[in-house]
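Structure file entry13.cif (mmCIF, C-alpha atoms) follows.
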```cif
data_upload
#
loop_
_atom_site.label_atom_id
_atom_site.label_comp_id
_atom_site.auth_asym_id
_atom_site.auth_seq_id
_atom_site.Cartn_x
_atom_site.Cartn_y
_atom_site.Cartn_z
CA MET A 1 -51.65 -18.89 -49.79
CA LYS A 2 -48.07 -20.08 -50.05
CA LYS A 3 -45.93 -19.45 -47.04
CA LEU A 4 -42.85 -17.36 -47.78
CA SER A 5 -39.83 -19.42 -46.89
CA ALA A 6 -37.17 -17.58 -44.83
CA ARG A 7 -33.84 -17.09 -46.52
CA ARG A 8 -31.16 -19.25 -45.07
CA ARG A 9 -27.96 -17.33 -44.07
CA HIS A 10 -24.62 -18.54 -45.22
CA PRO A 11 -22.75 -20.31 -42.40
CA LEU A 12 -19.82 -17.84 -42.65
CA ALA A 13 -22.03 -14.75 -42.43
CA ALA A 14 -21.74 -14.49 -38.64
CA VAL A 15 -17.97 -14.82 -38.82
CA VAL A 16 -17.77 -12.03 -41.40
CA VAL A 17 -19.94 -9.73 -39.27
CA LEU A 18 -17.79 -10.42 -36.19
CA PHE A 19 -14.62 -9.72 -38.15
CA ILE A 20 -16.01 -6.41 -39.43
CA ALA A 21 -17.02 -5.41 -35.88
CA LEU A 22 -13.57 -6.21 -34.49
CA ALA A 23 -11.88 -4.27 -37.30
CA ALA A 24 -14.10 -1.28 -36.60
CA CYS A 25 -13.24 -1.39 -32.88
CA ALA A 26 -9.54 -1.65 -33.65
CA GLY A 27 -9.78 1.33 -35.98
CA LEU A 28 -11.55 3.40 -33.38
CA TYR A 29 -8.92 2.49 -30.73
CA THR A 30 -6.10 3.39 -33.09
CA ALA A 31 -7.74 6.70 -33.91
CA PHE A 32 -8.65 7.81 -30.41
CA ALA A 33 -6.53 5.94 -27.82
CA PRO A 34 -3.15 7.57 -28.59
CA ALA A 35 -4.77 10.97 -28.60
CA ASP A 36 -6.41 10.27 -25.27
CA LYS A 37 -3.11 9.07 -23.80
CA ALA A 38 -1.23 12.10 -25.10
CA GLN A 39 -3.92 14.38 -23.72
CA ALA A 40 -3.76 12.62 -20.35
CA ASP A 41 0.04 12.97 -20.25
CA GLU A 42 -0.20 16.64 -21.15
CA THR A 43 -2.81 17.20 -18.44
CA ALA A 44 -0.65 15.43 -15.85
CA GLN A 45 2.39 17.52 -16.84
CA THR A 46 0.34 20.71 -16.61
CA LEU A 47 -0.83 19.78 -13.11
CA THR A 48 2.76 19.00 -12.09
CA ILE A 49 3.93 22.39 -13.33
CA GLU A 50 1.06 24.15 -11.52
CA GLU A 51 1.94 22.42 -8.25
CA GLY A 52 5.59 23.32 -8.78
CA LYS A 53 4.65 26.94 -9.36
CA LYS A 54 2.84 27.02 -6.01
CA LEU A 55 5.87 25.57 -4.21
CA TYR A 56 8.12 28.04 -6.01
CA ALA A 57 5.99 31.00 -4.95
CA VAL A 58 6.33 30.01 -1.29
CA GLY A 59 9.96 28.89 -1.08
CA CYS A 60 11.89 30.47 -3.96
CA ALA A 61 10.25 33.60 -5.37
CA SER A 62 11.53 35.94 -2.63
CA CYS A 63 15.11 35.49 -3.92
CA HIS A 64 14.73 34.39 -7.54
CA GLY A 65 11.78 36.60 -8.53
CA THR A 66 8.14 35.75 -9.13
CA GLY A 67 8.88 34.48 -12.64
CA GLY A 68 12.36 33.08 -12.05
CA GLN A 69 13.96 36.14 -13.63
CA GLY A 70 16.32 36.63 -10.69
CA THR A 71 16.87 39.47 -8.22
CA SER A 72 19.79 41.02 -6.35
CA ASP A 73 19.44 38.16 -3.85
CA GLY A 74 19.37 35.26 -6.32
CA PRO A 75 20.30 34.48 -9.94
CA SER A 76 17.86 33.91 -12.79
CA LEU A 77 16.54 30.36 -13.10
CA VAL A 78 15.44 30.68 -16.71
CA GLY A 79 17.24 27.98 -18.68
CA VAL A 80 19.00 26.28 -15.75
CA GLY A 81 16.95 23.13 -16.39
CA ALA A 82 15.34 20.47 -14.22
CA ALA A 83 18.68 18.84 -13.37
CA ALA A 84 19.91 21.98 -11.58
CA VAL A 85 16.76 22.05 -9.44
CA ASP A 86 17.03 18.34 -8.64
CA PHE A 87 20.63 18.84 -7.51
CA GLN A 88 20.26 22.07 -5.55
CA VAL A 89 17.01 21.14 -3.80
CA GLY A 90 17.80 17.42 -3.60
CA THR A 91 21.01 18.12 -1.64
CA GLY A 92 19.32 20.63 0.66
CA ARG A 93 21.31 23.60 -0.62
CA MET A 94 18.07 25.25 -1.67
CA PRO A 95 16.12 26.95 -0.25
CA ALA A 96 19.14 28.75 1.20
CA GLN A 97 19.17 29.61 4.90
CA GLN A 98 21.00 32.89 4.38
CA PRO A 99 23.11 34.64 1.75
CA GLY A 100 26.83 34.02 1.83
CA ALA A 101 29.93 33.21 -0.17
CA GLN A 102 28.62 29.68 -0.69
CA VAL A 103 25.43 27.82 0.13
CA PRO A 104 26.25 24.68 2.16
CA LYS A 105 24.66 21.26 1.94
CA LYS A 106 22.00 20.65 4.60
CA PRO A 107 19.02 18.35 5.30
CA VAL A 108 16.53 18.20 2.42
CA VAL A 109 13.35 20.24 2.93
CA TYR A 110 11.15 18.86 0.14
CA SER A 111 10.07 15.34 -0.77
CA GLN A 112 11.22 13.88 -4.08
CA ALA A 113 7.71 14.35 -5.50
CA GLU A 114 7.82 18.04 -4.60
CA ILE A 115 11.32 18.37 -6.05
CA ASP A 116 10.04 16.87 -9.31
CA GLN A 117 7.20 19.43 -9.34
CA LEU A 118 9.60 22.32 -8.75
CA ALA A 119 11.90 20.98 -11.46
CA ALA A 120 9.02 20.73 -13.92
CA TYR A 121 8.05 24.35 -13.29
CA ILE A 122 11.60 25.67 -13.67
CA ALA A 123 12.05 23.58 -16.83
CA SER A 124 8.92 25.23 -18.26
CA LEU A 125 10.61 28.65 -17.99
CA GLY A 126 13.37 27.73 -20.43
CA ALA A 127 15.16 24.72 -21.88
CA GLY A 128 18.05 23.30 -19.86
CA PRO A 129 19.65 20.00 -18.76
CA GLU A 130 17.07 17.37 -17.87
CA ILE A 131 17.16 15.08 -14.84
CA PRO A 132 19.28 12.10 -15.92
CA THR A 133 17.91 8.57 -16.00
CA GLU A 134 19.58 5.83 -13.97
CA ASN A 135 21.06 4.40 -17.14
CA GLU A 136 22.90 7.67 -17.78
CA TYR A 137 24.72 7.82 -14.43
CA ASP A 138 25.00 4.13 -13.46
CA PRO A 139 28.77 3.42 -13.32
CA GLU A 140 28.40 -0.33 -13.81
CA GLY A 141 31.12 -1.46 -16.21
CA ALA A 142 32.76 1.98 -16.38
CA ASP A 143 36.54 2.45 -16.66
CA ILE A 144 37.80 3.42 -13.18
CA ALA A 145 41.35 4.14 -14.36
CA GLU A 146 40.09 6.44 -17.11
CA GLY A 147 37.79 8.11 -14.59
CA GLY A 148 40.74 8.77 -12.28
CA GLU A 149 42.70 10.40 -15.08
CA LEU A 150 39.71 12.56 -16.07
CA PHE A 151 39.08 13.54 -12.46
CA ARG A 152 42.69 14.52 -11.81
CA THR A 153 42.70 16.58 -15.01
CA ASN A 154 39.39 18.39 -14.57
CA CYS A 155 38.37 18.24 -10.90
CA ALA A 156 41.27 17.59 -8.52
CA GLN A 157 42.44 21.22 -8.53
CA CYS A 158 39.42 22.07 -6.39
CA HIS A 159 38.04 18.80 -5.00
CA ASN A 160 41.40 17.16 -4.19
CA PHE A 161 42.70 13.95 -5.80
CA THR A 162 40.19 11.73 -4.00
CA GLY A 163 37.26 14.16 -3.77
CA LYS A 164 37.85 15.20 -0.16
CA GLY A 165 37.19 18.85 -1.02
CA GLY A 166 39.31 21.95 -0.52
CA ALA A 167 39.35 25.69 0.15
CA LEU A 168 38.90 28.33 -2.55
CA SER A 169 39.17 32.11 -2.43
CA GLU A 170 36.91 34.60 -0.61
CA GLY A 171 35.32 32.08 1.74
CA LYS A 172 34.32 29.67 -1.01
CA TYR A 173 35.20 25.99 -1.05
CA ALA A 174 34.89 22.82 -3.08
CA PRO A 175 32.76 20.41 -1.03
CA SER A 176 33.71 16.84 -0.24
CA LEU A 177 32.27 14.30 -2.66
CA GLU A 178 32.10 11.49 -0.09
CA GLY A 179 28.57 10.18 0.32
CA VAL A 180 27.20 12.14 -2.65
CA SER A 181 24.84 10.05 -4.79
CA ASP A 182 25.84 9.09 -8.33
CA LYS A 183 22.87 11.04 -9.72
CA HIS A 184 23.83 14.26 -7.94
CA ILE A 185 27.47 13.96 -9.07
CA TYR A 186 26.25 13.58 -12.66
CA GLU A 187 23.90 16.56 -12.31
CA ALA A 188 26.67 18.69 -10.82
CA MET A 189 28.88 17.98 -13.83
CA GLN A 190 25.99 18.81 -16.17
CA THR A 191 24.90 22.05 -14.51
CA GLY A 192 27.96 23.49 -12.74
CA PRO A 193 26.48 24.54 -9.37
CA GLN A 194 27.75 27.66 -7.61
CA ASN A 195 31.55 27.97 -8.15
CA MET A 196 31.89 24.84 -10.26
CA PRO A 197 32.11 25.05 -14.06
CA SER A 198 29.69 22.95 -16.08
CA PHE A 199 30.82 19.95 -18.13
CA PRO A 200 28.17 19.33 -20.81
CA ASP A 201 28.33 16.28 -23.05
CA SER A 202 30.37 18.29 -25.56
CA THR A 203 33.13 18.56 -22.91
CA LEU A 204 32.72 15.33 -20.96
CA THR A 205 30.65 12.65 -22.64
CA GLU A 206 28.12 10.50 -20.81
CA GLU A 207 30.70 7.70 -20.70
CA ASN A 208 33.33 10.10 -19.31
CA LYS A 209 30.96 11.08 -16.51
CA LYS A 210 30.27 7.43 -15.71
CA ASP A 211 34.03 6.80 -15.53
CA ILE A 212 34.49 9.69 -13.07
CA ILE A 213 31.59 8.48 -10.92
CA ALA A 214 33.07 4.96 -10.90
CA TYR A 215 36.44 6.39 -9.79
CA LEU A 216 34.89 8.38 -6.94
CA ASP A 217 32.86 5.38 -5.82
CA ALA A 218 36.05 3.30 -5.78
CA VAL A 219 38.35 5.69 -3.88
CA ASN A 220 35.68 6.62 -1.31
CA SER A 221 34.43 3.09 -0.72
CA ASP A 222 34.70 1.57 2.75
CA GLU A 223 36.49 -1.34 1.11
CA THR A 224 39.25 0.85 -0.33
CA VAL A 225 42.68 0.02 1.12
CA GLU A 226 45.07 2.86 2.03
CA PRO A 227 48.48 1.41 1.11
CA GLY A 228 50.25 4.49 2.47
CA GLY A 229 48.80 4.16 5.96
CA LEU A 230 47.22 7.27 7.46
CA SER A 231 45.62 9.24 4.62
CA LEU A 232 45.61 12.59 6.48
CA GLY A 233 42.47 13.59 4.60
CA GLY A 234 43.97 12.70 1.24
CA LEU A 235 45.16 16.30 0.85
CA GLY A 236 48.56 15.37 -0.53
CA PRO A 237 52.00 16.85 0.31
CA VAL A 238 50.65 19.92 2.13
CA SER A 239 48.99 17.99 4.94
CA GLU A 240 51.78 15.40 4.96
CA GLY A 241 54.45 18.11 5.24
CA LEU A 242 52.53 19.90 7.98
CA PHE A 243 52.17 16.62 9.88
CA GLY A 244 55.90 16.01 9.51
CA TRP A 245 56.84 19.47 10.76
CA VAL A 246 54.43 19.61 13.69
CA PHE A 247 54.76 16.08 15.00
CA GLY A 248 58.16 15.03 13.64
CA LEU A 249 59.99 18.23 14.53
CA GLY A 250 58.05 18.44 17.79
CA ALA A 251 59.23 14.96 18.71
CA LEU A 252 62.85 15.89 17.91
CA ILE A 253 62.63 19.02 20.08
CA ALA A 254 61.16 16.99 22.93
CA VAL A 255 64.03 14.49 22.69
CA ALA A 256 66.60 17.31 22.57
CA VAL A 257 65.11 18.91 25.71
CA TRP A 258 65.10 15.56 27.49
CA VAL A 259 68.74 14.90 26.57
CA ALA A 260 69.78 18.38 27.70
CA ALA A 261 67.96 17.97 31.00
CA ARG A 262 69.58 14.59 31.61
CA THR A 263 73.03 16.02 30.75
CA ALA A 264 72.61 18.99 33.10
CA LYS A 265 71.50 16.67 35.91
CA ALA A 266 74.48 14.39 35.35
CA LYS A 267 76.95 17.32 35.54
CA LYS A 268 75.47 18.54 38.83
CA SER A 269 75.79 15.14 40.36
#
```
So, in terms of structure tokens, how does the structure I just supplied come out?
Amino acid sequence: MKKLSARRRHPLAAVVVLFIALAACAGLYTAFAPADKAQADETAQTLTIEEGKKLYAVGCASCHGTGGQGTSDGPSLVGVGAAAVDFQVGTGRMPAQQPGAQVPKKPVVYSQAEIDQLAAYIASLGAGPEIPTENEYDPEGADIAEGGELFRTNCAQCHNFTGKGGALSEGKYAPSLEGVSDKHIYEAMQTGPQNMPSFPDSTLTEENKKDIIAYLDAVNSDETVEPGGLSLGGLGPVSEGLFGWVFGLGALIAVAVWVAARTAKAKKS
């Protein structure tokens, strides 16, 4: 019997098989990996919202309603957006200690991770301004002079020319902007917290907001020189006039009394 000789494989056959296998793997990755990643992101977002809902139920629902619809003790949160939550909770204003004309800034209760969870839940109730990225509020390279002009036009009526704050009506006030982070200043302009009007991008562009932040950083910096001497809170002619009347006029009265006393003593002698 003749032995059947085995067929010899072409030298490139193994290379072709390997190439086909790699192409098949690449196709499978392209087909399934993005879907898996999207599903993982969606799952993570859902978990974040669920955790935020739990935090909301404990710390916010008593005033703002179980579904954020608002009550007589707190406004609706539907549509305020994640940026409003990040500002209000991130500056300690919320949860509020007690009702009043204005909720003051106080130590922050929640961690940043918890604030992000609360923000995600509130954002799920209705579309609103999102938390800005660092690139949106970073004032590097911004126009400080333009920011000063914009601030004096739109903000100084309440916050004073250098952001020192000021009194409003019925127990309300514009808080000082010293020490406020760039992100929170940006969010305040976007959302208009409490008595402040909002300045969306249609009113003040992203670049305008950066200019204003750069101006505030400059005038409130420890390195800023006060060419006029004592700033008196930066409140302008009101505080300067009051200082002049109280101390200047007081000094003149004291001198007049001293001169009169000396004159009377001289006459007696």
Can you translate the PyMOL selection byres ((chain A and resi 50-61) around 8) into the concrete residues it hits in this file, as a ChimeraX atom specification? /A:46-49,62-68,95,114,116-121
List as a JSON list (two decimals) with C-alpha atoms, keeping the file's coordinate frame the protein and nucleic acid residues near Phe199 of chain A, meaning an atom at most 10 Å away when all atoms listed in the file are counted, but skip any in the same chain fewer than 4 places from it.
```
[["chain", "number", "residue", "atom", "x", "y", "z"],
["A", 154, "ASN", "CA", 39.39, 18.39, -14.57],
["A", 186, "TYR", "CA", 26.25, 13.58, -12.66],
["A", 187, "GLU", "CA", 23.90, 16.56, -12.31],
["A", 188, "ALA", "CA", 26.67, 18.69, -10.82],
["A", 189, "MET", "CA", 28.88, 17.98, -13.83],
["A", 190, "GLN", "CA", 25.99, 18.81, -16.17],
["A", 191, "THR", "CA", 24.90, 22.05, -14.51],
["A", 192, "GLY", "CA", 27.96, 23.49, -12.74],
["A", 203, "THR", "CA", 33.13, 18.56, -22.91],
["A", 204, "LEU", "CA", 32.72, 15.33, -20.96],
["A", 205, "THR", "CA", 30.65, 12.65, -22.64],
["A", 209, "LYS", "CA", 30.96, 11.08, -16.51]]
```
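Near Ile131 of chain A, within 9 Å and counting all atoms listed in the file, sit A:Gly81, A:Ala82, A:Ala83, A:Ala84, A:Val85, A:Asp86, A:Phe87, A:Ala119, A:Lys183, A:Glu187; same-chain residues fewer than 6 positions away were not included.
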The residues within 12 Å of (21.2, 2.7, -10.6), using only C-alpha atoms and the coordinates of the file, should be reported as a VMD selection string; which are they? chain A and resid 132 to 140 181 to 183 210 213
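The gap separating atom CA of Ile212 of chain A from atom CA of Phe151 of chain A is 6.0 Å, in Å to one decimal.
Straight-line separation from atom CA of Glu149 of chain A to atom CA of Gly179 of chain A: 20.9 Å.
Once the PyMOL selection byres ((chain A and resi 176) around 12) is applied to this file, the selection holds A:Pro104, A:Lys105, A:Cys155, A:Ala156, A:Cys158, A:His159, A:Asn160, A:Phe161, A:Thr162, A:Gly163, A:Lys164, A:Gly165, A:Gly166, A:Ala167, A:Tyr173, A:Ala174, A:Pro175, A:Leu177, A:Glu178, A:Gly179, A:Val180, A:Ile185, A:Leu216, A:Asn220, A:Gly233, A:Gly234, A:Leu235.
You will find atom CA of Arg152 of chain A at 12.2 Å from atom CA of Asp211 of chain A.
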Can you list what the PyMOL selection byres ((chain A and resi 93) around 7) grabs from this structure, as a compact mmCIF listing (two decimals) with C-alpha atoms, in the coordinates of the input?
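Below is the file that was written, part-v1.txt:
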```txt
# COMPACT_ATOMS: atom_id res chain seq x y z
CA GLN A 88 20.26 22.07 -5.55
CA VAL A 89 17.01 21.14 -3.80
CA THR A 91 21.01 18.12 -1.64
CA GLY A 92 19.32 20.63 0.66
CA MET A 94 18.07 25.25 -1.67
CA PRO A 95 16.12 26.95 -0.25
CA ALA A 96 19.14 28.75 1.20
CA VAL A 103 25.43 27.82 0.13
CA PRO A 104 26.25 24.68 2.16
CA LYS A 105 24.66 21.26 1.94
CA LYS A 106 22.00 20.65 4.60
```
Check the smallest atom-to-atom distance from each of A:Val80, A:Leu252, A:Ala214, A:Leu168 to Gly148 of chain A using all atoms listed in the file, then report the winner. A:Ala214
Check the smallest atom-to-atom distance from each of A:Gln102, A:Val255, A:Ala264, A:Leu77 to Asn195 of chain A using only C-alpha atoms, then report the winner. A:Gln102
Starting from the incomplete input, reconstruct N, CA and C atoms of segment 112-147 of chain A and report them as a PDB file, keeping the file's coordinate frame.
```
ATOM      1  N   GLN A 112      10.801  14.039  -2.695  1.00  0.00           N
ATOM      2  CA  GLN A 112      11.220  13.880  -4.080  1.00  0.00           C
ATOM      3  C   GLN A 112      10.101  14.255  -5.039  1.00  0.00           C
ATOM      4  N   ALA A 113       8.850  13.967  -4.653  1.00  0.00           N
ATOM      5  CA  ALA A 113       7.710  14.350  -5.500  1.00  0.00           C
ATOM      6  C   ALA A 113       7.626  15.860  -5.642  1.00  0.00           C
ATOM      7  N   GLU A 114       7.857  16.580  -4.552  1.00  0.00           N
ATOM      8  CA  GLU A 114       7.820  18.040  -4.600  1.00  0.00           C
ATOM      9  C   GLU A 114       8.999  18.598  -5.395  1.00  0.00           C
ATOM     10  N   ILE A 115      10.152  17.951  -5.268  1.00  0.00           N
ATOM     11  CA  ILE A 115      11.320  18.370  -6.050  1.00  0.00           C
ATOM     12  C   ILE A 115      11.042  18.204  -7.537  1.00  0.00           C
ATOM     13  N   ASP A 116      10.393  17.109  -7.898  1.00  0.00           N
ATOM     14  CA  ASP A 116      10.040  16.870  -9.310  1.00  0.00           C
ATOM     15  C   ASP A 116       9.069  17.950  -9.802  1.00  0.00           C
ATOM     16  N   GLN A 117       8.156  18.381  -8.955  1.00  0.00           N
ATOM     17  CA  GLN A 117       7.200  19.430  -9.340  1.00  0.00           C
ATOM     18  C   GLN A 117       7.915  20.763  -9.529  1.00  0.00           C
ATOM     19  N   LEU A 118       8.818  21.092  -8.603  1.00  0.00           N
ATOM     20  CA  LEU A 118       9.600  22.320  -8.750  1.00  0.00           C
ATOM     21  C   LEU A 118      10.451  22.283 -10.013  1.00  0.00           C
ATOM     22  N   ALA A 119      11.056  21.125 -10.269  1.00  0.00           N
ATOM     23  CA  ALA A 119      11.900  20.980 -11.460  1.00  0.00           C
ATOM     24  C   ALA A 119      11.090  21.137 -12.732  1.00  0.00           C
ATOM     25  N   ALA A 120       9.878  20.606 -12.741  1.00  0.00           N
ATOM     26  CA  ALA A 120       9.020  20.730 -13.920  1.00  0.00           C
ATOM     27  C   ALA A 120       8.658  22.187 -14.176  1.00  0.00           C
ATOM     28  N   TYR A 121       8.393  22.928 -13.103  1.00  0.00           N
ATOM     29  CA  TYR A 121       8.050  24.350 -13.290  1.00  0.00           C
ATOM     30  C   TYR A 121       9.238  25.146 -13.812  1.00  0.00           C
ATOM     31  N   ILE A 122      10.414  24.941 -13.216  1.00  0.00           N
ATOM     32  CA  ILE A 122      11.600  25.670 -13.670  1.00  0.00           C
ATOM     33  C   ILE A 122      11.942  25.298 -15.111  1.00  0.00           C
ATOM     34  N   ALA A 123      11.778  24.017 -15.458  1.00  0.00           N
ATOM     35  CA  ALA A 123      12.050  23.580 -16.830  1.00  0.00           C
ATOM     36  C   ALA A 123      11.104  24.249 -17.818  1.00  0.00           C
ATOM     37  N   SER A 124       9.884  24.582 -17.364  1.00  0.00           N
ATOM     38  CA  SER A 124       8.920  25.230 -18.260  1.00  0.00           C
ATOM     39  C   SER A 124       9.292  26.675 -18.562  1.00  0.00           C
ATOM     40  N   LEU A 125      10.192  27.260 -17.769  1.00  0.00           N
ATOM     41  CA  LEU A 125      10.610  28.650 -17.990  1.00  0.00           C
ATOM     42  C   LEU A 125      11.637  28.777 -19.113  1.00  0.00           C
ATOM     43  N   GLY A 126      12.337  27.691 -19.391  1.00  0.00           N
ATOM     44  CA  GLY A 126      13.370  27.730 -20.430  1.00  0.00           C
ATOM     45  C   GLY A 126      14.091  26.401 -20.501  1.00  0.00           C
ATOM     46  N   ALA A 127      14.509  26.014 -21.693  1.00  0.00           N
ATOM     47  CA  ALA A 127      15.160  24.720 -21.880  1.00  0.00           C
ATOM     48  C   ALA A 127      16.497  24.671 -21.155  1.00  0.00           C
ATOM     49  N   GLY A 128      16.794  23.512 -20.565  1.00  0.00           N
ATOM     50  CA  GLY A 128      18.050  23.300 -19.860  1.00  0.00           C
ATOM     51  C   GLY A 128      18.276  21.823 -19.653  1.00  0.00           C
ATOM     52  N   PRO A 129      19.365  21.431 -18.978  1.00  0.00           N
ATOM     53  CA  PRO A 129      19.650  20.000 -18.760  1.00  0.00           C
ATOM     54  C   PRO A 129      18.513  19.304 -18.013  1.00  0.00           C
ATOM     55  N   GLU A 130      18.142  18.142 -18.495  1.00  0.00           N
ATOM     56  CA  GLU A 130      17.070  17.370 -17.870  1.00  0.00           C
ATOM     57  C   GLU A 130      17.631  16.470 -16.771  1.00  0.00           C
ATOM     58  N   ILE A 131      16.749  16.022 -15.882  1.00  0.00           N
ATOM     59  CA  ILE A 131      17.160  15.080 -14.840  1.00  0.00           C
ATOM     60  C   ILE A 131      17.594  13.781 -15.508  1.00  0.00           C
ATOM     61  N   PRO A 132      18.794  13.301 -15.222  1.00  0.00           N
ATOM     62  CA  PRO A 132      19.280  12.100 -15.920  1.00  0.00           C
ATOM     63  C   PRO A 132      18.545  10.843 -15.461  1.00  0.00           C
ATOM     64  N   THR A 133      18.473   9.885 -16.344  1.00  0.00           N
ATOM     65  CA  THR A 133      17.910   8.570 -16.000  1.00  0.00           C
ATOM     66  C   THR A 133      19.009   7.738 -15.325  1.00  0.00           C
ATOM     67  N   GLU A 134      18.605   6.676 -14.659  1.00  0.00           N
ATOM     68  CA  GLU A 134      19.580   5.830 -13.970  1.00  0.00           C
ATOM     69  C   GLU A 134      20.588   5.246 -14.947  1.00  0.00           C
ATOM     70  N   ASN A 135      20.159   4.966 -16.141  1.00  0.00           N
ATOM     71  CA  ASN A 135      21.060   4.400 -17.140  1.00  0.00           C
ATOM     72  C   ASN A 135      22.168   5.377 -17.522  1.00  0.00           C
ATOM     73  N   GLU A 136      21.907   6.671 -17.397  1.00  0.00           N
ATOM     74  CA  GLU A 136      22.900   7.670 -17.780  1.00  0.00           C
ATOM     75  C   GLU A 136      24.010   7.811 -16.739  1.00  0.00           C
ATOM     76  N   TYR A 137      23.698   7.609 -15.452  1.00  0.00           N
ATOM     77  CA  TYR A 137      24.720   7.820 -14.430  1.00  0.00           C
ATOM     78  C   TYR A 137      25.173   6.536 -13.731  1.00  0.00           C
ATOM     79  N   ASP A 138      24.600   5.398 -14.082  1.00  0.00           N
ATOM     80  CA  ASP A 138      25.000   4.130 -13.460  1.00  0.00           C
ATOM     81  C   ASP A 138      26.422   3.768 -13.886  1.00  0.00           C
ATOM     82  N   PRO A 139      27.375   3.659 -12.950  1.00  0.00           N
ATOM     83  CA  PRO A 139      28.770   3.420 -13.320  1.00  0.00           C
ATOM     84  C   PRO A 139      29.123   1.953 -13.563  1.00  0.00           C
ATOM     85  N   GLU A 140      28.135   1.092 -13.586  1.00  0.00           N
ATOM     86  CA  GLU A 140      28.400  -0.330 -13.810  1.00  0.00           C
ATOM     87  C   GLU A 140      29.156  -0.541 -15.124  1.00  0.00           C
ATOM     88  N   GLY A 141      30.312  -1.177 -15.029  1.00  0.00           N
ATOM     89  CA  GLY A 141      31.120  -1.460 -16.210  1.00  0.00           C
ATOM     90  C   GLY A 141      31.964  -0.298 -16.690  1.00  0.00           C
ATOM     91  N   ALA A 142      31.977   0.817 -15.963  1.00  0.00           N
ATOM     92  CA  ALA A 142      32.760   1.980 -16.380  1.00  0.00           C
ATOM     93  C   ALA A 142      34.257   1.744 -16.132  1.00  0.00           C
ATOM     94  N   ASP A 143      35.087   2.567 -16.763  1.00  0.00           N
ATOM     95  CA  ASP A 143      36.540   2.450 -16.660  1.00  0.00           C
ATOM     96  C   ASP A 143      37.032   3.311 -15.502  1.00  0.00           C
ATOM     97  N   ILE A 144      37.379   2.681 -14.380  1.00  0.00           N
ATOM     98  CA  ILE A 144      37.800   3.420 -13.180  1.00  0.00           C
ATOM     99  C   ILE A 144      39.113   4.160 -13.417  1.00  0.00           C
ATOM    100  N   ALA A 145      40.047   3.507 -14.095  1.00  0.00           N
ATOM    101  CA  ALA A 145      41.350   4.140 -14.360  1.00  0.00           C
ATOM    102  C   ALA A 145      41.183   5.386 -15.224  1.00  0.00           C
ATOM    103  N   GLU A 146      40.355   5.285 -16.255  1.00  0.00           N
ATOM    104  CA  GLU A 146      40.090   6.440 -17.110  1.00  0.00           C
ATOM    105  C   GLU A 146      39.392   7.540 -16.319  1.00  0.00           C
ATOM    106  N   GLY A 147      38.473   7.132 -15.427  1.00  0.00           N
ATOM    107  CA  GLY A 147      37.790   8.110 -14.590  1.00  0.00           C
ATOM    108  C   GLY A 147      38.742   8.843 -13.672  1.00  0.00           C
TER     109      GLY A 147
END
```
